[in-house]
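This is entry-v8.cif (mmCIF, N, CA and C atoms).
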```
data_query
loop_
_atom_site.label_atom_id
_atom_site.label_comp_id
_atom_site.auth_asym_id
_atom_site.auth_seq_id
_atom_site.Cartn_x
_atom_site.Cartn_y
_atom_site.Cartn_z
N GLY A 4 78.66 143.36 126.47
CA GLY A 4 79.93 142.75 126.76
C GLY A 4 80.09 141.44 126.01
N GLN A 5 81.33 141.07 125.78
CA GLN A 5 81.58 139.80 125.12
C GLN A 5 82.68 139.01 125.83
N HIS A 6 82.61 137.71 125.68
CA HIS A 6 83.56 136.79 126.28
C HIS A 6 84.96 137.07 125.76
N ALA A 7 85.93 137.08 126.66
CA ALA A 7 87.32 137.33 126.28
C ALA A 7 88.25 136.51 127.17
N ARG A 8 89.47 136.30 126.67
CA ARG A 8 90.49 135.57 127.43
C ARG A 8 91.70 136.46 127.65
N LEU A 9 92.21 136.40 128.87
CA LEU A 9 93.43 137.11 129.23
C LEU A 9 94.50 136.05 129.48
N HIS A 10 95.44 135.96 128.56
CA HIS A 10 96.48 134.94 128.65
C HIS A 10 97.59 135.36 129.60
N ASP A 11 98.24 134.35 130.18
CA ASP A 11 99.37 134.53 131.09
C ASP A 11 99.00 135.23 132.40
N TYR A 12 97.76 135.01 132.84
CA TYR A 12 97.28 135.46 134.15
C TYR A 12 96.50 134.32 134.77
N ARG A 13 96.38 134.34 136.10
CA ARG A 13 95.54 133.36 136.78
C ARG A 13 94.64 134.07 137.78
N LEU A 14 93.54 133.40 138.10
CA LEU A 14 92.57 133.93 139.06
C LEU A 14 92.99 133.55 140.47
N ARG A 15 92.86 134.51 141.38
CA ARG A 15 93.13 134.28 142.80
C ARG A 15 91.95 134.82 143.62
N THR A 16 91.88 134.42 144.87
CA THR A 16 90.95 135.02 145.84
C THR A 16 91.79 135.49 147.03
N ASN A 17 92.86 136.18 146.72
CA ASN A 17 93.83 136.59 147.74
C ASN A 17 93.67 138.04 148.18
N TYR A 18 92.42 138.44 148.32
CA TYR A 18 92.10 139.77 148.84
C TYR A 18 90.99 139.59 149.88
N PHE A 19 91.13 140.22 151.04
CA PHE A 19 90.09 140.16 152.06
C PHE A 19 89.16 141.34 151.89
N ALA A 20 87.90 141.05 151.59
CA ALA A 20 86.88 142.09 151.44
C ALA A 20 86.15 142.25 152.77
N GLY A 21 86.48 143.30 153.49
CA GLY A 21 85.87 143.55 154.78
C GLY A 21 84.37 143.73 154.71
N SER A 22 83.87 144.21 153.57
CA SER A 22 82.43 144.46 153.43
C SER A 22 81.61 143.18 153.57
N HIS A 23 82.19 142.03 153.20
CA HIS A 23 81.46 140.78 153.40
C HIS A 23 82.27 139.73 154.14
N GLY A 24 83.38 140.15 154.73
CA GLY A 24 84.14 139.28 155.62
C GLY A 24 84.67 138.00 154.98
N ALA A 25 85.03 138.08 153.71
CA ALA A 25 85.52 136.89 153.01
C ALA A 25 86.45 137.33 151.87
N GLY A 26 86.90 136.35 151.11
CA GLY A 26 87.79 136.63 150.00
C GLY A 26 87.08 137.30 148.83
N ALA A 27 87.89 137.91 147.97
CA ALA A 27 87.40 138.51 146.72
C ALA A 27 88.43 138.21 145.63
N CYS A 28 87.97 138.29 144.40
CA CYS A 28 88.83 137.90 143.27
C CYS A 28 89.91 138.92 142.95
N ASN A 29 90.95 138.39 142.38
CA ASN A 29 92.11 139.14 141.92
C ASN A 29 92.70 138.32 140.77
N ILE A 30 93.50 138.96 139.96
CA ILE A 30 94.28 138.22 138.96
C ILE A 30 95.74 138.56 139.17
N GLU A 31 96.59 137.65 138.74
CA GLU A 31 98.03 137.93 138.81
C GLU A 31 98.72 137.22 137.65
N PRO A 32 99.85 137.79 137.22
CA PRO A 32 100.57 137.17 136.11
C PRO A 32 100.98 135.74 136.43
N GLU A 33 100.80 134.86 135.47
CA GLU A 33 101.22 133.45 135.60
C GLU A 33 101.34 132.89 134.19
N LYS A 34 102.59 132.70 133.75
CA LYS A 34 102.87 132.21 132.39
C LYS A 34 102.13 130.91 132.13
N GLY A 35 101.48 130.84 130.98
CA GLY A 35 100.80 129.63 130.57
C GLY A 35 99.38 129.47 131.08
N GLU A 36 98.96 130.33 132.01
CA GLU A 36 97.59 130.26 132.53
C GLU A 36 96.69 131.20 131.73
N CYS A 37 95.39 131.14 132.00
CA CYS A 37 94.43 131.98 131.28
C CYS A 37 93.24 132.29 132.18
N VAL A 38 92.80 133.53 132.14
CA VAL A 38 91.60 133.95 132.86
C VAL A 38 90.55 134.31 131.82
N GLU A 39 89.35 133.77 131.97
CA GLU A 39 88.26 134.13 131.08
C GLU A 39 87.41 135.20 131.75
N GLY A 40 86.89 136.11 130.95
CA GLY A 40 86.09 137.19 131.49
C GLY A 40 85.24 137.83 130.42
N VAL A 41 84.81 139.05 130.70
CA VAL A 41 83.95 139.80 129.79
C VAL A 41 84.61 141.14 129.53
N VAL A 42 84.68 141.52 128.25
CA VAL A 42 85.22 142.83 127.88
C VAL A 42 84.06 143.68 127.37
N MET A 43 84.05 144.94 127.80
CA MET A 43 82.97 145.83 127.36
C MET A 43 83.48 147.25 127.22
N THR A 44 82.80 148.02 126.42
CA THR A 44 83.10 149.44 126.27
C THR A 44 82.36 150.17 127.38
N ILE A 45 83.07 151.08 128.06
CA ILE A 45 82.44 151.82 129.15
C ILE A 45 82.62 153.32 128.95
N THR A 46 81.75 154.08 129.58
CA THR A 46 81.83 155.54 129.52
C THR A 46 82.74 156.03 130.66
N PRO A 47 83.19 157.27 130.59
CA PRO A 47 83.98 157.82 131.71
C PRO A 47 83.21 157.77 133.04
N ALA A 48 81.90 157.96 133.01
CA ALA A 48 81.10 157.91 134.25
C ALA A 48 81.09 156.50 134.83
N ILE A 49 81.00 155.50 133.98
CA ILE A 49 81.04 154.11 134.46
C ILE A 49 82.42 153.79 135.01
N ARG A 50 83.47 154.28 134.34
CA ARG A 50 84.82 154.06 134.85
C ARG A 50 84.97 154.69 136.24
N ASP A 51 84.43 155.88 136.42
CA ASP A 51 84.49 156.53 137.74
C ASP A 51 83.77 155.69 138.79
N ALA A 52 82.60 155.14 138.44
CA ALA A 52 81.84 154.30 139.37
C ALA A 52 82.60 153.02 139.69
N LEU A 53 83.24 152.41 138.68
CA LEU A 53 84.06 151.21 138.91
C LEU A 53 85.20 151.52 139.85
N ARG A 54 85.84 152.66 139.66
CA ARG A 54 86.96 153.04 140.52
C ARG A 54 86.52 153.13 141.98
N VAL A 55 85.37 153.71 142.21
CA VAL A 55 84.85 153.81 143.58
C VAL A 55 84.57 152.41 144.13
N LYS A 56 83.87 151.59 143.34
CA LYS A 56 83.51 150.24 143.78
C LYS A 56 84.74 149.40 144.09
N GLU A 57 85.79 149.54 143.28
CA GLU A 57 87.00 148.72 143.44
C GLU A 57 88.01 149.31 144.42
N GLY A 58 87.69 150.42 145.05
CA GLY A 58 88.62 151.01 146.02
C GLY A 58 89.89 151.52 145.36
N TYR A 59 89.76 151.99 144.13
CA TYR A 59 90.89 152.54 143.38
C TYR A 59 91.28 153.87 143.97
N PRO A 60 92.54 154.19 144.15
CA PRO A 60 93.73 153.40 143.81
C PRO A 60 94.35 152.67 145.00
N ARG A 61 93.70 152.74 146.19
CA ARG A 61 94.31 152.13 147.38
C ARG A 61 94.23 150.61 147.40
N ARG A 62 93.06 150.05 147.11
CA ARG A 62 92.87 148.60 147.23
C ARG A 62 93.07 147.86 145.92
N TYR A 63 92.54 148.40 144.85
CA TYR A 63 92.75 147.83 143.52
C TYR A 63 93.34 148.92 142.64
N GLU A 64 94.23 148.51 141.74
CA GLU A 64 94.79 149.46 140.78
C GLU A 64 94.41 149.03 139.37
N GLU A 65 94.44 149.97 138.46
CA GLU A 65 94.13 149.68 137.06
C GLU A 65 95.41 149.30 136.32
N ILE A 66 95.29 148.28 135.48
CA ILE A 66 96.39 147.94 134.59
C ILE A 66 95.82 147.76 133.18
N GLU A 67 96.66 148.02 132.20
CA GLU A 67 96.24 147.80 130.82
C GLU A 67 96.68 146.40 130.41
N VAL A 68 95.79 145.67 129.76
CA VAL A 68 96.07 144.31 129.31
C VAL A 68 95.58 144.15 127.88
N ILE A 69 96.01 143.08 127.25
CA ILE A 69 95.51 142.71 125.92
C ILE A 69 94.68 141.45 126.11
N VAL A 70 93.40 141.53 125.72
CA VAL A 70 92.52 140.37 125.81
C VAL A 70 92.18 139.90 124.40
N HIS A 71 91.82 138.63 124.32
CA HIS A 71 91.48 138.03 123.02
C HIS A 71 90.01 137.67 123.03
N THR A 72 89.28 138.17 122.05
CA THR A 72 87.86 137.88 121.94
C THR A 72 87.65 136.78 120.91
N ALA A 73 86.81 135.84 121.27
CA ALA A 73 86.52 134.73 120.37
C ALA A 73 85.64 135.19 119.21
N ALA A 74 84.63 136.00 119.53
CA ALA A 74 83.66 136.44 118.52
C ALA A 74 84.34 137.22 117.39
N ALA A 75 85.19 138.17 117.76
CA ALA A 75 85.82 139.03 116.75
C ALA A 75 87.15 138.45 116.27
N GLN A 76 87.60 137.36 116.89
CA GLN A 76 88.91 136.81 116.55
C GLN A 76 89.97 137.91 116.57
N ALA A 77 89.92 138.73 117.62
CA ALA A 77 90.79 139.90 117.67
C ALA A 77 91.40 140.08 119.05
N SER A 78 92.48 140.85 119.09
CA SER A 78 93.08 141.27 120.35
C SER A 78 92.63 142.69 120.63
N VAL A 79 92.29 142.94 121.88
CA VAL A 79 91.74 144.23 122.27
C VAL A 79 92.50 144.75 123.49
N ARG A 80 92.85 146.03 123.49
CA ARG A 80 93.44 146.65 124.68
C ARG A 80 92.32 146.93 125.66
N ALA A 81 92.54 146.60 126.93
CA ALA A 81 91.50 146.78 127.94
C ALA A 81 92.13 147.20 129.27
N ILE A 82 91.31 147.70 130.14
CA ILE A 82 91.72 148.03 131.51
C ILE A 82 91.10 146.98 132.43
N THR A 83 91.87 146.50 133.40
CA THR A 83 91.33 145.61 134.42
C THR A 83 91.87 146.07 135.77
N TYR A 84 91.36 145.46 136.81
CA TYR A 84 91.75 145.84 138.16
C TYR A 84 92.46 144.68 138.84
N ILE A 85 93.57 144.99 139.51
CA ILE A 85 94.29 144.00 140.31
C ILE A 85 94.51 144.59 141.71
N VAL A 86 94.60 143.69 142.68
CA VAL A 86 94.81 144.12 144.06
C VAL A 86 96.20 144.75 144.20
N THR A 87 96.25 145.86 144.92
CA THR A 87 97.53 146.53 145.15
C THR A 87 98.43 145.66 146.03
N PRO A 88 99.74 145.79 145.90
CA PRO A 88 100.65 144.96 146.70
C PRO A 88 100.39 145.02 148.21
N THR A 89 99.99 146.19 148.73
CA THR A 89 99.77 146.30 150.18
C THR A 89 98.53 145.53 150.66
N HIS A 90 97.60 145.21 149.77
CA HIS A 90 96.39 144.49 150.15
C HIS A 90 96.34 143.06 149.62
N ARG A 91 97.37 142.68 148.86
CA ARG A 91 97.42 141.34 148.27
C ARG A 91 97.94 140.34 149.32
N LEU A 92 97.20 139.26 149.50
CA LEU A 92 97.59 138.23 150.48
C LEU A 92 98.38 137.11 149.78
N ASP A 93 99.10 136.33 150.58
CA ASP A 93 99.86 135.19 150.04
C ASP A 93 98.98 133.96 149.84
N VAL A 94 97.81 133.96 150.48
CA VAL A 94 96.93 132.79 150.42
C VAL A 94 95.59 133.15 149.78
N ASP A 95 94.94 132.16 149.20
CA ASP A 95 93.60 132.34 148.66
C ASP A 95 92.60 132.10 149.79
N LEU A 96 91.64 133.01 149.91
CA LEU A 96 90.63 132.93 150.96
C LEU A 96 89.33 132.34 150.42
N PRO A 97 88.53 131.72 151.29
CA PRO A 97 87.18 131.30 150.88
C PRO A 97 86.35 132.55 150.58
N ILE A 98 85.32 132.37 149.76
CA ILE A 98 84.43 133.47 149.39
C ILE A 98 83.01 133.16 149.87
N THR A 99 82.12 134.14 149.81
CA THR A 99 80.74 133.90 150.23
C THR A 99 80.00 133.08 149.18
N PRO A 100 78.98 132.34 149.61
CA PRO A 100 78.18 131.57 148.65
C PRO A 100 77.54 132.46 147.57
N GLN A 101 77.09 133.65 147.96
CA GLN A 101 76.44 134.56 147.00
C GLN A 101 77.43 135.03 145.93
N TYR A 102 78.64 135.36 146.34
CA TYR A 102 79.69 135.82 145.42
C TYR A 102 80.05 134.69 144.46
N ARG A 103 80.17 133.48 144.99
CA ARG A 103 80.49 132.31 144.16
C ARG A 103 79.41 132.09 143.11
N GLU A 104 78.14 132.15 143.52
CA GLU A 104 77.04 131.94 142.58
C GLU A 104 76.99 133.03 141.52
N LEU A 105 77.28 134.26 141.90
CA LEU A 105 77.32 135.37 140.95
C LEU A 105 78.38 135.13 139.87
N ILE A 106 79.56 134.71 140.29
CA ILE A 106 80.66 134.44 139.34
C ILE A 106 80.30 133.27 138.42
N LEU A 107 79.79 132.19 139.00
CA LEU A 107 79.46 131.02 138.19
C LEU A 107 78.31 131.31 137.22
N ALA A 108 77.33 132.10 137.66
CA ALA A 108 76.22 132.46 136.77
C ALA A 108 76.72 133.32 135.61
N GLY A 109 77.61 134.25 135.89
CA GLY A 109 78.19 135.09 134.83
C GLY A 109 78.99 134.27 133.85
N ALA A 110 79.77 133.32 134.36
CA ALA A 110 80.58 132.46 133.50
C ALA A 110 79.70 131.65 132.55
N LYS A 111 78.58 131.19 133.08
CA LYS A 111 77.64 130.40 132.25
C LYS A 111 76.96 131.29 131.21
N SER A 112 76.47 132.45 131.64
CA SER A 112 75.71 133.30 130.71
C SER A 112 76.59 133.90 129.60
N PHE A 113 77.89 134.09 129.88
CA PHE A 113 78.78 134.61 128.85
C PHE A 113 79.54 133.49 128.11
N HIS A 114 79.10 132.27 128.33
CA HIS A 114 79.62 131.09 127.60
C HIS A 114 81.13 130.90 127.74
N PHE A 115 81.62 131.03 128.99
CA PHE A 115 83.01 130.68 129.24
C PHE A 115 83.16 129.20 128.90
N SER A 116 84.38 128.78 128.59
CA SER A 116 84.60 127.38 128.23
C SER A 116 84.18 126.46 129.37
N LYS A 117 83.74 125.26 129.01
CA LYS A 117 83.31 124.28 130.02
C LYS A 117 84.46 123.98 130.99
N ALA A 118 85.67 123.86 130.43
CA ALA A 118 86.84 123.57 131.28
C ALA A 118 87.08 124.69 132.29
N TYR A 119 86.92 125.95 131.85
CA TYR A 119 87.14 127.07 132.76
C TYR A 119 86.05 127.13 133.82
N GLN A 120 84.80 126.87 133.41
CA GLN A 120 83.71 126.86 134.40
C GLN A 120 83.97 125.77 135.45
N LYS A 121 84.45 124.63 135.02
CA LYS A 121 84.77 123.55 135.96
C LYS A 121 85.89 123.98 136.90
N SER A 122 86.93 124.65 136.37
CA SER A 122 88.04 125.10 137.23
C SER A 122 87.55 126.16 138.22
N LEU A 123 86.61 127.01 137.80
CA LEU A 123 86.04 128.00 138.73
C LEU A 123 85.33 127.31 139.89
N ARG A 124 84.55 126.28 139.56
CA ARG A 124 83.81 125.57 140.62
C ARG A 124 84.76 124.97 141.65
N SER A 125 85.93 124.50 141.22
CA SER A 125 86.87 123.91 142.18
C SER A 125 87.71 124.97 142.90
N LYS A 126 88.05 126.07 142.22
CA LYS A 126 88.88 127.12 142.82
C LYS A 126 88.13 127.99 143.82
N LEU A 127 86.87 128.27 143.53
CA LEU A 127 86.10 129.20 144.35
C LEU A 127 85.49 128.48 145.54
N ARG A 128 86.26 128.44 146.63
CA ARG A 128 85.86 127.72 147.83
C ARG A 128 85.02 128.60 148.75
N ILE A 129 84.10 127.94 149.47
CA ILE A 129 83.27 128.63 150.47
C ILE A 129 83.70 128.12 151.85
N ALA A 130 83.90 129.05 152.77
CA ALA A 130 84.25 128.67 154.14
C ALA A 130 83.05 127.98 154.79
N PRO A 131 83.29 126.90 155.54
CA PRO A 131 82.18 126.23 156.24
C PRO A 131 81.34 127.19 157.07
N SER A 132 81.97 128.20 157.67
CA SER A 132 81.24 129.16 158.50
C SER A 132 80.34 130.07 157.67
N LEU A 133 80.57 130.13 156.37
CA LEU A 133 79.76 130.99 155.49
C LEU A 133 78.67 130.20 154.77
N MET A 134 78.65 128.89 154.96
CA MET A 134 77.65 128.05 154.28
C MET A 134 76.26 128.40 154.77
N PRO A 135 75.31 128.50 153.84
CA PRO A 135 73.93 128.79 154.29
C PRO A 135 73.38 127.60 155.08
N ASN A 136 72.53 127.88 156.05
CA ASN A 136 71.94 126.81 156.87
C ASN A 136 70.84 126.07 156.13
#
```

Please go through the file and, once you have read it, give me the structure as structure tokens.
Amino acid sequence: GQHARLHDYRLRTNYFAGSHGAGACNIEPEKGECVEGVVMTITPAIRDALRVKEGYPRRYEEIEVIVHTAAAQASVRAITYIVTPTHRLDVDLPITPQYRELILAGAKSFHFSKAYQKSLRSKLRIAPSLMPN
């Protein structure tokens, strides 16, 4: 996988993941904003596994987007997942400490911009009740 940017979208945590009783990530269109992530080539079997993991098509749906890769200086067509309207909340929820650490570790290892990593640290809130003792 390689680092990529999705322009005119923003990151949200406006989905309630019952499996861990906290928020989960989503993206939504927002002019002038940018979401950094990883783009990779996948097999049909991996796509099937992703669909199961993401609760496709009831909880998350697939959309086609154009992402920009820094390494190749190119635009690439890609599939991503967004929360379906029936499961999308109006508010951003706190997330678990483990989920937050996973996201921040991925952002660091894929060399997301320093500014984006800083914005992730402030956006990805942990509920006091979920804080480790």

Determine the residue set returned by the PyMOL selection byres ((chain A and resi 39) around 8) for the present structure, and present it as a VMD selection string. chain A and resid 6 to 10 12 to 14 36 to 38 40 to 42 110 115 to 116 119

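The closest residue to Met43 in chain A, picked from A:Gly26, A:Ala81, A:Asn17, A:Ala73 and counting all atoms listed in the file, is A:Ala81.
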
Near range 47-59 of chain A, counting all atoms listed in the file, which residues have an atom at most 8 Å away, once you skip same-chain residues fewer than 5 positions from it, shown as a PyMOL selection string? chain A and resi 64-65+84

Between atom N of Ile106 in chain A and atom C of Arg15 in chain A, distance in Å (one decimal):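 Going from atom N of Ile106 in chain A over to atom C of Arg15 in chain A covers 12.8 Å.
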
To test your reading of the syntax: which residues would the PyMOL selection byres ((chain A and resi 25) around 6) return for the file shown? Reply as a list in words.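 The output of the PyMOL selection byres ((chain A and resi 25) around 6) on this file is Tyr18, Phe19, Ala20, Gly21, His23, Gly24, Gly26, Ala27, Leu96, Pro97, Ile98 and Thr99 of chain A.
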
Can you list every residue in chain A that DSSP puts in strand (DSSP E or B), as a PyMOL selection string? chain A and resi 5-20+25-42+63-72+77-86+98+129

Name the residues of range 43-132 of chain A that fall into helix (DSSP H, G or I) according to DSSP on the backbone, using the chain letters and numbers of this document, as a VMD selection string. chain A and resid 47 to 56 100 to 112 117 to 126 131 to 132

A:Thr72, A:Thr44, A:Asn29, A:Ser132: which is nearest Ile85 in chain A, counting all atoms listed in the file? A:Asn29

Mind completing range 87-98 of chain A with all heavy atoms? Output as an mmCIF file, in the frame of the given file, please?
```cif
data_model
loop_
_atom_site.group_PDB
_atom_site.id
_atom_site.type_symbol
_atom_site.label_atom_id
_atom_site.label_comp_id
_atom_site.auth_asym_id
_atom_site.auth_seq_id
_atom_site.Cartn_x
_atom_site.Cartn_y
_atom_site.Cartn_z
ATOM 1 N N THR A 87 96.250 145.860 144.920
ATOM 2 C CA THR A 87 97.530 146.530 145.150
ATOM 3 C C THR A 87 98.430 145.660 146.030
ATOM 4 O O THR A 87 97.919 144.867 146.839
ATOM 5 C CB THR A 87 97.320 147.906 145.818
ATOM 6 O OG1 THR A 87 96.649 147.705 147.055
ATOM 7 C CG2 THR A 87 96.540 148.853 144.926
ATOM 8 N N PRO A 88 99.740 145.790 145.900
ATOM 9 C CA PRO A 88 100.650 144.960 146.700
ATOM 10 C C PRO A 88 100.390 145.020 148.210
ATOM 11 O O PRO A 88 100.511 144.016 148.888
ATOM 12 C CB PRO A 88 102.030 145.522 146.354
ATOM 13 C CG PRO A 88 101.870 146.080 144.969
ATOM 14 C CD PRO A 88 100.459 146.633 144.935
ATOM 15 N N THR A 89 99.990 146.190 148.730
ATOM 16 C CA THR A 89 99.770 146.300 150.180
ATOM 17 C C THR A 89 98.530 145.530 150.660
ATOM 18 O O THR A 89 98.423 145.219 151.837
ATOM 19 C CB THR A 89 99.640 147.772 150.627
ATOM 20 O OG1 THR A 89 98.629 148.393 149.843
ATOM 21 C CG2 THR A 89 100.954 148.516 150.481
ATOM 22 N N HIS A 90 97.600 145.210 149.770
ATOM 23 C CA HIS A 90 96.390 144.490 150.150
ATOM 24 C C HIS A 90 96.340 143.060 149.620
ATOM 25 O O HIS A 90 95.400 142.325 149.887
ATOM 26 C CB HIS A 90 95.139 145.256 149.672
ATOM 27 C CG HIS A 90 94.919 146.512 150.447
ATOM 28 N ND1 HIS A 90 95.454 147.723 150.082
ATOM 29 C CD2 HIS A 90 94.236 146.741 151.595
ATOM 30 C CE1 HIS A 90 95.110 148.630 150.958
ATOM 31 N NE2 HIS A 90 94.368 148.070 151.896
ATOM 32 N N ARG A 91 97.370 142.680 148.860
ATOM 33 C CA ARG A 91 97.420 141.340 148.270
ATOM 34 C C ARG A 91 97.940 140.340 149.320
ATOM 35 O O ARG A 91 98.965 140.571 149.945
ATOM 36 C CB ARG A 91 98.377 141.378 147.074
ATOM 37 C CG ARG A 91 98.328 140.178 146.173
ATOM 38 C CD ARG A 91 99.265 140.345 144.974
ATOM 39 N NE ARG A 91 99.044 141.615 144.284
ATOM 40 C CZ ARG A 91 100.018 142.390 143.822
ATOM 41 N NH1 ARG A 91 101.284 142.054 143.954
ATOM 42 N NH2 ARG A 91 99.734 143.520 143.210
ATOM 43 N N LEU A 92 97.200 139.260 149.500
ATOM 44 C CA LEU A 92 97.590 138.230 150.480
ATOM 45 C C LEU A 92 98.380 137.110 149.780
ATOM 46 O O LEU A 92 98.295 136.946 148.568
ATOM 47 C CB LEU A 92 96.351 137.646 151.140
ATOM 48 C CG LEU A 92 95.421 138.660 151.831
ATOM 49 C CD1 LEU A 92 94.156 137.974 152.312
ATOM 50 C CD2 LEU A 92 96.147 139.344 152.967
ATOM 51 N N ASP A 93 99.100 136.330 150.580
ATOM 52 C CA ASP A 93 99.860 135.190 150.040
ATOM 53 C C ASP A 93 98.980 133.960 149.840
ATOM 54 O O ASP A 93 99.373 133.032 149.162
ATOM 55 C CB ASP A 93 101.013 134.823 150.983
ATOM 56 C CG ASP A 93 102.080 135.911 151.029
ATOM 57 O OD1 ASP A 93 102.212 136.669 150.050
ATOM 58 O OD2 ASP A 93 102.779 135.994 152.054
ATOM 59 N N VAL A 94 97.810 133.960 150.480
ATOM 60 C CA VAL A 94 96.930 132.790 150.420
ATOM 61 C C VAL A 94 95.590 133.150 149.780
ATOM 62 O O VAL A 94 95.178 134.312 149.805
ATOM 63 C CB VAL A 94 96.661 132.205 151.827
ATOM 64 C CG1 VAL A 94 97.950 131.696 152.448
ATOM 65 C CG2 VAL A 94 95.993 133.229 152.727
ATOM 66 N N ASP A 95 94.940 132.160 149.200
ATOM 67 C CA ASP A 95 93.600 132.340 148.660
ATOM 68 C C ASP A 95 92.600 132.100 149.790
ATOM 69 O O ASP A 95 92.698 131.121 150.523
ATOM 70 C CB ASP A 95 93.353 131.358 147.513
ATOM 71 C CG ASP A 95 94.114 131.759 146.263
ATOM 72 O OD1 ASP A 95 93.877 132.876 145.771
ATOM 73 O OD2 ASP A 95 94.947 130.974 145.796
ATOM 74 N N LEU A 96 91.640 133.010 149.910
ATOM 75 C CA LEU A 96 90.630 132.930 150.960
ATOM 76 C C LEU A 96 89.330 132.340 150.420
ATOM 77 O O LEU A 96 89.024 132.482 149.232
ATOM 78 C CB LEU A 96 90.320 134.333 151.491
ATOM 79 C CG LEU A 96 91.485 135.108 152.087
ATOM 80 C CD1 LEU A 96 91.030 136.516 152.457
ATOM 81 C CD2 LEU A 96 92.038 134.386 153.298
ATOM 82 N N PRO A 97 88.530 131.720 151.290
ATOM 83 C CA PRO A 97 87.180 131.300 150.880
ATOM 84 C C PRO A 97 86.350 132.550 150.580
ATOM 85 O O PRO A 97 86.635 133.636 151.088
ATOM 86 C CB PRO A 97 86.636 130.577 152.102
ATOM 87 C CG PRO A 97 87.786 130.361 153.007
ATOM 88 C CD PRO A 97 88.835 131.363 152.664
ATOM 89 N N ILE A 98 85.320 132.370 149.760
ATOM 90 C CA ILE A 98 84.430 133.470 149.390
ATOM 91 C C ILE A 98 83.010 133.160 149.870
ATOM 92 O O ILE A 98 82.740 132.032 150.296
ATOM 93 C CB ILE A 98 84.465 133.725 147.871
ATOM 94 C CG1 ILE A 98 83.954 132.504 147.087
ATOM 95 C CG2 ILE A 98 85.873 134.105 147.422
ATOM 96 C CD1 ILE A 98 83.827 132.720 145.585
#
```
